[in-house]
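input20.cif (mmCIF, C-alpha atoms (C1' of nucleotides)) appears below.
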data_entry
loop_
_atom_site.label_atom_id
_atom_site.label_comp_id
_atom_site.auth_asym_id
_atom_site.auth_seq_id
_atom_site.Cartn_x
_atom_site.Cartn_y
_atom_site.Cartn_z
CA MET A 1 23.35 -8.41 35.45
CA LEU A 2 21.65 -5.53 37.27
CA ARG A 3 18.87 -4.27 35.10
CA ASN A 4 19.69 -0.92 33.64
CA ASP A 5 16.17 0.47 33.51
CA ILE A 6 15.91 -0.08 37.24
CA THR A 7 19.18 1.71 37.87
CA VAL A 8 18.00 4.65 35.82
CA ALA A 9 14.72 4.78 37.69
CA ILE A 10 16.57 4.87 40.98
CA ARG A 11 18.93 7.60 39.83
CA ASN A 12 16.02 9.77 38.75
CA ALA A 13 14.20 9.11 41.97
CA VAL A 14 17.24 10.14 43.98
CA MET A 15 17.55 13.39 42.11
CA SER A 16 13.88 14.20 42.57
CA GLU A 17 13.96 13.24 46.19
CA LEU A 18 17.08 15.32 46.76
CA ALA A 19 15.32 18.28 45.21
CA GLU A 20 12.20 17.80 47.25
CA VAL A 21 13.38 16.98 50.72
CA GLY A 22 17.13 17.51 50.60
CA TYR A 23 19.93 15.20 51.57
CA GLY A 24 19.22 15.41 55.26
CA ARG A 25 15.78 13.96 54.95
CA LEU A 26 16.35 11.73 51.98
CA SER A 27 15.39 8.18 52.86
CA ILE A 28 16.07 5.00 51.01
CA GLU A 29 12.49 3.93 51.46
CA ALA A 30 11.21 7.08 49.84
CA VAL A 31 13.57 6.62 46.93
CA ALA A 32 12.41 3.06 46.47
CA ARG A 33 8.79 4.12 46.67
CA ARG A 34 9.26 6.87 44.13
CA ALA A 35 11.24 4.68 41.77
CA GLY A 36 8.64 1.94 42.02
CA VAL A 37 11.32 -0.42 43.15
CA GLY A 38 12.09 -2.64 46.10
CA LYS A 39 14.60 -1.52 48.69
CA THR A 40 16.46 -4.66 47.79
CA ALA A 41 17.26 -3.32 44.35
CA ILE A 42 18.86 -0.27 45.91
CA TYR A 43 20.91 -2.11 48.49
CA ARG A 44 22.06 -4.44 45.75
CA ARG A 45 23.67 -1.44 44.06
CA TRP A 46 24.89 0.71 46.90
CA SER A 47 25.37 -0.05 50.54
CA ASN A 48 24.64 3.41 51.86
CA LYS A 49 22.61 6.50 51.41
CA LEU A 50 25.84 8.49 51.32
CA GLU A 51 27.55 6.20 48.86
CA MET A 52 24.52 6.20 46.62
CA VAL A 53 24.15 9.94 46.56
CA LEU A 54 27.84 10.54 46.03
CA GLU A 55 27.99 8.16 43.11
CA ILE A 56 24.94 9.64 41.44
CA ILE A 57 25.98 13.22 42.03
CA THR A 58 29.46 12.63 40.73
CA ASP A 59 28.02 11.07 37.65
CA VAL A 60 25.52 13.83 36.94
CA ALA A 61 27.88 16.67 37.69
CA GLY A 62 30.72 15.07 35.84
CA ARG A 63 29.16 15.64 32.47
CA LYS A 64 31.23 18.01 30.45
CA VAL A 65 30.10 21.56 30.06
CA PRO A 66 30.98 23.28 26.84
CA VAL A 67 33.20 26.29 27.32
CA PRO A 68 32.12 29.25 25.21
CA ASP A 69 34.52 30.23 22.48
CA THR A 70 32.93 32.87 20.34
CA GLY A 71 36.01 34.74 19.39
CA SER A 72 35.64 37.69 21.74
CA PHE A 73 35.83 37.75 25.50
CA ALA A 74 32.85 40.03 25.83
CA SER A 75 30.54 37.66 24.02
CA ASP A 76 32.13 34.63 25.67
CA LEU A 77 31.22 36.26 28.94
CA ASP A 78 27.67 37.02 27.85
CA LEU A 79 27.22 33.47 26.72
CA LEU A 80 28.71 31.95 29.84
CA MET A 81 26.55 34.02 32.12
CA MET A 82 23.51 33.10 30.13
CA ILE A 83 24.34 29.41 30.33
CA VAL A 84 25.00 29.58 34.04
CA SER A 85 21.88 31.57 34.77
CA ARG A 86 19.82 29.10 32.75
CA ALA A 87 21.36 26.23 34.67
CA LEU A 88 20.80 27.85 38.04
CA GLN A 89 17.17 28.48 37.22
CA HIS A 90 16.41 24.87 36.52
CA ARG A 91 14.26 23.65 39.34
CA VAL A 92 16.23 20.59 40.25
CA ALA A 93 19.61 22.28 40.06
CA SER A 94 18.53 25.28 42.05
CA GLN A 95 17.28 23.05 44.83
CA ILE A 96 19.95 20.42 44.89
CA ILE A 97 23.04 22.53 44.58
CA PRO A 98 22.52 24.78 47.60
CA ASP A 99 21.35 21.83 49.60
CA LEU A 100 24.44 19.79 48.89
CA MET A 101 26.60 22.81 49.45
CA ALA A 102 25.12 23.20 52.90
CA GLU A 103 25.49 19.51 53.59
CA ALA A 104 29.09 19.68 52.48
CA ALA A 105 29.77 21.99 55.37
CA ARG A 106 29.29 19.10 57.74
CA ASN A 107 30.10 16.04 55.69
CA PRO A 108 33.70 15.84 54.49
CA GLN A 109 32.94 13.21 51.89
CA ILE A 110 30.29 15.33 50.24
CA ALA A 111 32.53 18.33 50.49
CA GLU A 112 35.37 16.54 48.85
CA THR A 113 33.20 15.25 46.04
CA LEU A 114 31.63 18.61 45.34
CA GLN A 115 34.92 20.42 45.52
CA ARG A 116 36.41 18.02 43.03
CA VAL A 117 33.61 18.45 40.55
CA LEU A 118 33.21 22.16 41.08
CA ARG A 119 36.90 22.89 40.98
CA LEU A 120 37.21 20.81 37.88
CA HIS A 121 34.67 22.81 35.94
CA GLN A 122 35.48 26.12 37.46
CA GLN A 123 39.17 25.93 36.84
CA SER A 124 38.97 24.59 33.35
CA VAL A 125 36.35 27.13 32.33
CA GLY A 126 38.11 29.98 34.03
CA GLU A 127 41.52 29.20 32.72
CA LYS A 128 40.37 28.59 29.21
CA LEU A 129 38.23 31.69 29.02
CA VAL A 130 40.72 33.99 30.64
CA GLY A 131 43.57 32.38 28.76
CA GLN A 132 41.90 33.02 25.44
CA ALA A 133 41.14 36.58 26.39
CA ILE A 134 44.69 37.30 27.48
CA ALA A 135 46.06 35.75 24.32
CA ARG A 136 43.82 38.05 22.32
CA GLY A 137 44.94 41.01 24.37
CA GLU A 138 41.44 41.58 25.72
CA LEU A 139 42.51 41.17 29.31
CA PRO A 140 45.68 42.34 31.01
CA GLU A 141 48.51 39.87 31.33
CA GLY A 142 48.48 38.19 34.70
CA THR A 143 44.73 38.36 35.25
CA ASP A 144 43.90 35.85 37.96
CA PRO A 145 41.44 33.28 36.58
CA ASP A 146 40.39 32.45 40.11
CA VAL A 147 39.31 35.97 40.89
CA ALA A 148 37.73 36.23 37.49
CA VAL A 149 35.60 33.16 38.05
CA ASP A 150 34.53 34.42 41.45
CA LEU A 151 33.53 37.72 39.94
CA ILE A 152 31.56 36.03 37.20
CA LEU A 153 29.80 33.28 39.11
CA GLY A 154 29.47 34.91 42.49
CA PRO A 155 26.91 37.57 41.72
CA LEU A 156 24.87 35.20 39.60
CA TYR A 157 24.83 32.52 42.24
CA TRP A 158 24.03 35.03 44.92
CA ARG A 159 21.18 36.48 42.96
CA LEU A 160 19.67 33.23 41.77
CA ALA A 161 20.43 30.70 44.44
CA VAL A 162 20.61 32.84 47.54
CA ALA A 163 18.54 35.97 47.14
CA ARG A 164 16.30 34.01 44.77
CA GLN A 165 15.39 37.02 42.77
CA PRO A 166 14.71 36.86 39.06
CA VAL A 167 17.40 37.76 36.58
CA SER A 168 16.22 39.70 33.57
CA ASP A 169 18.15 39.89 30.32
CA ASP A 170 18.70 43.49 31.15
CA TYR A 171 20.13 42.65 34.51
CA LEU A 172 22.36 40.02 32.98
CA GLU A 173 23.77 42.57 30.58
CA LYS A 174 24.52 45.02 33.34
CA MET A 175 26.19 42.32 35.31
CA ALA A 176 28.28 41.14 32.40
CA ALA A 177 29.30 44.67 31.61
CA ALA A 178 30.30 45.28 35.20
CA VAL A 179 32.35 42.12 35.39
CA LEU A 180 33.98 42.89 32.07
CA GLY A 181 34.82 46.35 33.27
CA SER A 182 36.34 45.18 36.50
CA LEU A 183 38.50 42.60 34.75
CA ARG A 184 39.56 44.95 31.97
CA GLY A 185 40.56 47.43 34.61
CA GLY A 186 43.17 44.93 35.60
CA ALA A 187 41.91 44.80 39.13
CA ALA A 188 42.20 41.06 39.33
CA THR A 189 45.88 40.86 38.62
CA MET B 1 6.82 33.34 84.10
CA LEU B 2 8.91 31.25 81.72
CA ARG B 3 12.41 31.25 83.09
CA ASN B 4 14.69 33.32 80.98
CA ASP B 5 17.85 31.29 81.50
CA ILE B 6 16.04 28.26 80.14
CA THR B 7 14.89 30.15 77.09
CA VAL B 8 18.43 31.29 76.45
CA ALA B 9 19.77 27.77 76.81
CA ILE B 10 17.24 26.52 74.29
CA ARG B 11 18.03 29.28 71.83
CA ASN B 12 21.73 28.48 72.00
CA ALA B 13 21.05 24.80 71.64
CA VAL B 14 18.94 25.41 68.57
CA MET B 15 21.68 27.44 66.95
CA SER B 16 24.30 24.80 67.67
CA GLU B 17 22.06 22.02 66.54
CA LEU B 18 21.22 23.89 63.36
CA ALA B 19 24.90 24.28 62.66
CA GLU B 20 25.66 20.66 63.32
CA VAL B 21 22.88 18.74 61.68
CA GLY B 22 20.94 21.35 59.76
CA TYR B 23 17.26 22.16 59.79
CA GLY B 24 16.23 18.97 58.07
CA ARG B 25 17.60 16.76 60.79
CA LEU B 26 17.06 19.03 63.72
CA SER B 27 14.97 17.28 66.35
CA ILE B 28 13.26 18.69 69.36
CA GLU B 29 14.64 15.90 71.48
CA ALA B 30 18.20 16.67 70.49
CA VAL B 31 17.66 20.34 71.27
CA ALA B 32 16.27 19.48 74.68
CA ARG B 33 19.15 17.13 75.37
CA ARG B 34 21.74 19.68 74.38
CA ALA B 35 20.10 22.46 76.32
CA GLY B 36 19.83 20.24 79.39
CA VAL B 37 16.12 20.81 79.42
CA GLY B 38 12.94 18.81 79.21
CA LYS B 39 10.96 18.64 76.02
CA THR B 40 8.16 20.14 78.02
CA ALA B 41 10.03 23.38 78.40
CA ILE B 42 10.33 23.65 74.66
CA TYR B 43 6.73 22.82 73.85
CA ARG B 44 5.68 25.31 76.46
CA ARG B 45 7.34 28.02 74.38
CA TRP B 46 6.75 26.95 70.83
CA SER B 47 4.39 24.47 69.31
CA ASN B 48 6.55 23.48 66.40
CA LYS B 49 10.03 22.91 65.22
CA LEU B 50 9.34 25.34 62.38
CA GLU B 51 7.83 27.97 64.61
CA MET B 52 10.70 27.67 67.04
CA VAL B 53 13.40 27.97 64.43
CA LEU B 54 11.71 30.85 62.67
CA GLU B 55 11.33 32.79 65.87
CA ILE B 56 14.91 32.25 66.90
CA ILE B 57 16.36 32.97 63.50
CA THR B 58 14.35 36.12 63.11
CA ASP B 59 15.57 37.29 66.44
CA VAL B 60 19.23 36.55 65.80
CA ALA B 61 19.27 37.90 62.29
CA GLY B 62 17.28 40.95 63.19
CA ARG B 63 20.10 42.51 65.11
CA LYS B 64 21.19 45.71 63.49
CA VAL B 65 24.35 45.72 61.45
CA PRO B 66 26.29 48.96 61.38
CA VAL B 67 26.66 50.42 57.91
CA PRO B 68 30.17 51.66 57.22
CA ASP B 69 30.49 55.41 56.81
CA THR B 70 34.12 56.31 56.61
CA GLY B 71 33.80 59.27 54.30
CA SER B 72 34.93 57.63 51.10
CA PHE B 73 33.23 54.93 49.10
CA ALA B 74 36.46 53.04 48.52
CA SER B 75 37.12 52.59 52.19
CA ASP B 76 33.46 52.00 52.95
CA LEU B 77 33.68 49.17 50.50
CA ASP B 78 36.86 47.77 52.00
CA LEU B 79 35.34 47.88 55.42
CA LEU B 80 32.07 46.31 54.34
CA MET B 81 33.79 43.47 52.60
CA MET B 82 35.95 42.86 55.60
CA ILE B 83 32.95 42.79 57.90
CA VAL B 84 31.04 40.45 55.64
CA SER B 85 33.97 38.12 55.14
CA ARG B 86 34.52 37.99 58.87
CA ALA B 87 30.87 37.17 59.41
CA LEU B 88 30.82 34.49 56.75
CA GLN B 89 33.84 32.83 58.26
CA HIS B 90 32.25 32.37 61.63
CA ARG B 91 31.61 28.69 62.04
CA VAL B 92 27.98 28.92 63.04
CA ALA B 93 27.07 31.46 60.40
CA SER B 94 28.82 29.64 57.62
CA GLN B 95 26.95 26.46 58.44
CA ILE B 96 23.55 27.82 59.24
CA ILE B 97 23.13 30.34 56.48
CA PRO B 98 23.61 28.04 53.50
CA ASP B 99 21.54 25.40 55.22
CA LEU B 100 18.59 27.67 55.77
CA MET B 101 18.96 29.06 52.28
CA ALA B 102 18.66 25.56 50.89
CA GLU B 103 15.72 24.83 53.16
CA ALA B 104 14.07 28.03 52.04
CA ALA B 105 13.89 26.59 48.54
CA ARG B 106 11.29 24.14 49.72
CA ASN B 107 9.68 25.80 52.71
CA PRO B 108 7.83 29.01 51.91
CA GLN B 109 7.73 30.12 55.53
CA ILE B 110 11.47 29.91 55.91
CA ALA B 111 11.93 31.56 52.55
CA GLU B 112 9.68 34.42 53.53
CA THR B 113 11.43 34.93 56.84
CA LEU B 114 14.90 34.86 55.35
CA GLN B 115 13.93 37.11 52.49
CA ARG B 116 12.52 39.61 54.89
CA VAL B 117 15.63 39.72 57.02
CA LEU B 118 18.06 39.54 54.14
CA ARG B 119 16.25 42.12 52.06
CA LEU B 120 16.03 44.37 55.04
CA HIS B 121 19.77 44.44 55.61
CA GLN B 122 20.76 44.24 52.01
CA GLN B 123 18.58 47.07 50.87
CA SER B 124 19.35 49.39 53.70
CA VAL B 125 23.08 48.80 53.42
CA GLY B 126 23.10 49.03 49.66
CA GLU B 127 21.00 52.12 49.43
CA LYS B 128 22.84 53.93 52.13
CA LEU B 129 26.29 53.09 50.83
CA VAL B 130 25.51 53.78 47.22
CA GLY B 131 23.49 56.83 48.12
CA GLN B 132 26.38 58.32 50.03
CA ALA B 133 28.76 57.58 47.21
CA ILE B 134 26.55 59.14 44.59
CA ALA B 135 26.04 62.20 46.72
CA ARG B 136 29.80 62.57 46.98
CA GLY B 137 30.16 62.11 43.26
CA GLU B 138 32.11 58.91 43.66
CA LEU B 139 29.62 56.86 41.72
CA PRO B 140 27.67 57.78 38.62
CA GLU B 141 24.16 59.05 39.08
CA GLY B 142 21.63 56.26 38.69
CA THR B 143 23.85 53.46 39.90
CA ASP B 144 21.57 50.58 40.79
CA PRO B 145 22.05 49.69 44.48
CA ASP B 146 20.65 46.24 43.78
CA VAL B 147 23.28 45.40 41.22
CA ALA B 148 25.91 46.96 43.42
CA VAL B 149 25.01 44.77 46.36
CA ASP B 150 25.02 41.68 44.17
CA LEU B 151 28.45 42.58 42.90
CA ILE B 152 29.76 43.15 46.38
CA LEU B 153 28.26 40.22 48.24
CA GLY B 154 28.07 37.69 45.45
CA PRO B 155 31.74 36.94 44.96
CA LEU B 156 32.39 36.90 48.68
CA TYR B 157 29.52 34.54 49.39
CA TRP B 158 30.51 32.34 46.51
CA ARG B 159 34.07 32.15 47.64
CA LEU B 160 33.42 31.65 51.32
CA ALA B 161 30.16 29.79 51.54
CA VAL B 162 30.12 27.87 48.29
CA ALA B 163 33.62 27.24 47.04
CA ARG B 164 34.76 27.32 50.66
CA GLN B 165 38.15 28.63 49.82
CA PRO B 166 40.05 30.96 52.12
CA VAL B 167 40.02 34.66 51.50
CA SER B 168 43.29 36.43 52.09
CA ASP B 169 43.62 40.13 52.72
CA ASP B 170 45.28 40.34 49.38
CA TYR B 171 42.38 38.63 47.69
CA LEU B 172 39.93 40.88 49.47
CA GLU B 173 41.72 43.92 48.15
CA LYS B 174 41.69 42.66 44.60
CA MET B 175 38.03 41.92 44.93
CA ALA B 176 37.19 45.29 46.36
CA ALA B 177 39.20 47.01 43.66
CA ALA B 178 37.44 45.02 40.98
CA VAL B 179 34.02 45.81 42.37
CA LEU B 180 34.90 49.45 42.76
CA GLY B 181 36.12 49.53 39.19
CA SER B 182 33.02 47.97 37.79
CA LEU B 183 30.76 50.34 39.67
CA ARG B 184 32.79 53.42 38.85
CA GLY B 185 32.66 52.39 35.24
CA GLY B 186 28.97 53.03 35.49
CA ALA B 187 28.17 49.55 34.33
CA ALA B 188 25.47 49.09 36.92
CA THR B 189 23.36 51.98 35.84
"C1'" DC C 1 2.33 28.25 105.08
"C1'" DT C 2 0.12 27.57 101.03
"C1'" DA C 3 -0.76 27.54 96.23
"C1'" DC C 4 0.76 28.10 91.73
"C1'" DG C 5 3.35 27.20 87.89
"C1'" DA C 6 7.54 26.19 85.52
"C1'" DC C 7 10.78 22.64 85.69
"C1'" DG C 8 13.04 17.69 84.64
"C1'" DT C 9 12.00 12.92 84.06
"C1'" DA C 10 9.81 9.20 82.29
"C1'" DA C 11 6.66 6.97 79.77
"C1'" DC C 12 3.06 6.76 76.43
"C1'" DG C 13 1.28 5.09 71.44
"C1'" DG C 14 2.36 6.01 66.84
"C1'" DT C 15 5.28 6.89 62.89
"C1'" DT C 16 9.31 6.53 60.11
"C1'" DG C 17 13.41 4.74 58.67
"C1'" DC C 18 17.28 1.61 58.96
"C1'" DG C 19 19.61 -2.59 56.95
"C1'" DT C 20 18.47 -7.51 56.55
"C1'" DT C 21 16.02 -11.55 55.36
"C1'" DC C 22 12.86 -14.60 53.07
"C1'" DC C 23 9.48 -15.42 49.74
"C1'" DG C 24 7.60 -16.26 45.08
"C1'" DC C 25 7.85 -14.48 40.31
"C1'" DC C 26 9.92 -14.17 36.03
"C1'" DG C 27 13.39 -13.73 32.30
"C1'" DC C 28 17.20 -15.75 30.39
"C1'" DA C 29 20.94 -18.78 29.45
"C1'" DT C 30 22.21 -23.26 29.25
"C1'" DA D 1 13.67 -28.48 31.21
"C1'" DT D 2 16.38 -26.70 34.68
"C1'" DG D 3 18.59 -23.43 37.44
"C1'" DC D 4 20.52 -18.93 38.41
"C1'" DG D 5 19.82 -14.37 39.69
"C1'" DG D 6 17.63 -9.97 39.73
"C1'" DC D 7 13.13 -8.40 40.81
"C1'" DG D 8 9.05 -6.53 44.06
"C1'" DG D 9 6.91 -7.25 48.35
"C1'" DA D 10 6.54 -8.08 53.05
"C1'" DA D 11 8.15 -8.50 57.33
"C1'" DC D 12 11.80 -8.44 60.76
"C1'" DG D 13 14.11 -6.14 65.19
"C1'" DC D 14 15.98 -1.91 66.33
"C1'" DA D 15 16.36 2.92 66.89
"C1'" DA D 16 14.96 7.73 66.81
"C1'" DC D 17 11.38 11.16 67.22
"C1'" DC D 18 6.98 12.90 67.37
"C1'" DG D 19 3.61 15.46 70.51
"C1'" DT D 20 1.29 14.44 74.87
"C1'" DT D 21 0.63 13.21 79.57
"C1'" DA D 22 1.41 12.26 84.54
"C1'" DC D 23 4.29 12.89 88.34
"C1'" DG D 24 7.22 14.90 91.87
"C1'" DT D 25 10.36 18.85 92.87
"C1'" DC D 26 11.37 23.50 93.75
"C1'" DG D 27 11.25 28.66 93.83
"C1'" DT D 28 8.47 32.34 94.49
"C1'" DA D 29 4.42 35.32 95.37
"C1'" DG D 30 0.83 36.10 98.37
#
Encoded form (structure tokens):
Amino acid sequence: MLRNDITVAIRNAVMSELAEVGYGRLSIEAVARRAGVGKTAIYRRWSNKLEMVLEIITDVAGRKVPVPDTGSFASDLDLLMMIVSRALQHRVASQIIPDLMAEAARNPQIAETLQRVLRLHQQSVGEKLVGQAIARGELPEGTDPDVAVDLILGPLYWRLAVARQPVSDDYLEKMAAAVLGSLRGGAAT
Amino acid sequence: MLRNDITVAIRNAVMSELAEVGYGRLSIEAVARRAGVGKTAIYRRWSNKLEMVLEIITDVAGRKVPVPDTGSFASDLDLLMMIVSRALQHRVASQIIPDLMAEAARNPQIAETLQRVLRLHQQSVGEKLVGQAIARGELPEGTDPDVAVDLILGPLYWRLAVARQPVSDDYLEKMAAAVLGSLRGGAAT
DNA sequence: CTACGACGTAACGGTTGCGTTCCGCCGCAT
DNA sequence: ATGCGGCGGAACGCAACCGTTACGTCGTAG
């Protein structure tokens, strides 16, 4: 019976508000204001700020991400890094993700939710990509997908979300080449 | 004339409070309470929450970090990664750093301060380490210290501060080996 | 001994947000 | 035509903080 357009408006407002002020300062009243909605409508759907945010985040982050499968590990890697760098440069993502990560350090529920979502993507992507590559003989048998994912995502995340420096195509290529080299070398075995 | 022990108490309280509730929710009153101090004492020193935090952070982060110089790049790298992983596992650091990073995304003053401090350390460490290695012929001429630093710190930060998974000695070795391999390969040139 | 100034405490008026409640409106199903 | 229920709006009492002020204490310098 809850009107769907209202729910959508609230969800959007929460995302924007999260991006602008962060979880710590997010207030129900501000969300209602931004969504053009009464507080009542929000409390009718969720009973808490935490519950609301968790539900919305889970939903947004739960959307499936396509895993590259181009036929060669090198181009899979290029593609993946491009996708990730694009994603991390989106304004909302680049604000919300670090913020929630920080919040997760002190709120077990947020931590658990993020871990679940993150782990889900990370593992499936890592295992699939590395699995394919090993099957094709492009990576040494026994390459650790965990290490591989860290090597791939870490530098990108650091650069984009932490150091907040731009990533040129050129830079991306260097990075991909470096990661490829380190994995091919069998270091992550 | 401001009593030094009071100032110290406040500084400590700010750090603890930052770790516990983050910048967004940090309140002057809570700091005063925790420091066992009147609000007056705080306002006598700083006029703002922002100003206070910036000053304290700058001070703490400004302390010099020793750059490893063991004679070989491989062991420099091992050492550096160990130092960094130790630092990132300290409770206060692992809470405060991601929090301020997230805050920096929406507060230019914080961003500027963090960038300055971070860049300072990062560049000096990177350039020195890579410089030494190139001079010794352990890394190809023209290796980009920027890329190198990203490759070194990125995965560690990702693992420790984002994914929040433990880092074993074993894992650290794999990581170091991988990074070494990718740099030696001349990918980051 | 006196004066100064930093200190803690307490209170100020004002703002913001919480979670709840009541109202009147309106769409929709019966 | 009637009634149910979600809607926005407004207000509630309560709590936390803001930044400021007044007051009384205490250590120290002169």
Polymer residues at most 12 Å from DA3 in chain C, all atoms listed in the file, same-chain spacing of 3 or more positions, as a PyMOL selection string: chain D and resi 28-30
Point (26.5, 28.6, 56.0), cut-off 9 Å, counting all atoms listed in the file, residues as a PyMOL selection string: (chain A and resi 101-102+105) or (chain B and resi 19+88-101+160-162)
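Environment of (10.9, 7.8, 65.2): residues at most 6 Å away, judged by only C-alpha atoms (C1' of nucleotides), are DT16 of chain C; DA16 and DC17 of chain D.
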10 Å contacts from chain B to chain D using all atoms listed in the file, as a list in words: Ser27, Ile28, Glu29, Ala30, Lys39, Thr40, Tyr43, Ser47 and Asn48 of chain B
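Distance criterion 10 Å to chain A, applied with only C-alpha atoms (C1' of nucleotides), yields DT16, DG17, DC18, DG19 and DT20 of chain C on chain C.
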Writing C-alpha atoms (C1' of nucleotides) and nothing else, produce chain C as a PDB file, in the first residue's frame.
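Below is the file that was written, out_28.pdb:
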ATOM      1  C1'  DC C   1      50.148  40.544  49.743  1.00  0.00           C
ATOM      2  C1'  DT C   2      48.216  41.570  45.630  1.00  0.00           C
ATOM      3  C1'  DA C   3      46.871  41.149  40.956  1.00  0.00           C
ATOM      4  C1'  DC C   4      46.455  38.528  36.977  1.00  0.00           C
ATOM      5  C1'  DG C   5      44.947  34.975  34.264  1.00  0.00           C
ATOM      6  C1'  DA C   6      43.889  30.262  33.343  1.00  0.00           C
ATOM      7  C1'  DC C   7      40.920  26.999  35.257  1.00  0.00           C
ATOM      8  C1'  DG C   8      36.178  24.286  36.171  1.00  0.00           C
ATOM      9  C1'  DT C   9      31.325  24.883  36.690  1.00  0.00           C
ATOM     10  C1'  DA C  10      27.038  26.320  35.540  1.00  0.00           C
ATOM     11  C1'  DA C  11      23.883  28.577  33.052  1.00  0.00           C
ATOM     12  C1'  DC C  12      22.397  31.153  29.135  1.00  0.00           C
ATOM     13  C1'  DG C  13      19.328  31.458  24.522  1.00  0.00           C
ATOM     14  C1'  DG C  14      19.186  29.255  20.242  1.00  0.00           C
ATOM     15  C1'  DT C  15      19.387  25.448  17.021  1.00  0.00           C
ATOM     16  C1'  DT C  16      18.835  20.818  15.496  1.00  0.00           C
ATOM     17  C1'  DG C  17      17.257  16.394  15.632  1.00  0.00           C
ATOM     18  C1'  DC C  18      14.789  12.575  17.688  1.00  0.00           C
ATOM     19  C1'  DG C  19      10.534   9.577  17.531  1.00  0.00           C
ATOM     20  C1'  DT C  20       5.575  10.307  18.228  1.00  0.00           C
ATOM     21  C1'  DT C  21       1.096  12.145  17.641  1.00  0.00           C
ATOM     22  C1'  DC C  22      -2.795  14.424  15.591  1.00  0.00           C
ATOM     23  C1'  DC C  23      -4.828  16.756  11.900  1.00  0.00           C
ATOM     24  C1'  DG C  24      -7.033  17.293   7.343  1.00  0.00           C
ATOM     25  C1'  DC C  25      -6.495  15.893   2.476  1.00  0.00           C
ATOM     26  C1'  DC C  26      -7.021  12.786  -1.098  1.00  0.00           C
ATOM     27  C1'  DG C  27      -7.116   8.481  -3.869  1.00  0.00           C
ATOM     28  C1'  DC C  28      -9.074   4.204  -4.175  1.00  0.00           C
ATOM     29  C1'  DA C  29     -11.761   0.188  -3.317  1.00  0.00           C
ATOM     30  C1'  DT C  30     -15.959  -1.321  -1.979  1.00  0.00           C
TER      31       DT C  30
END
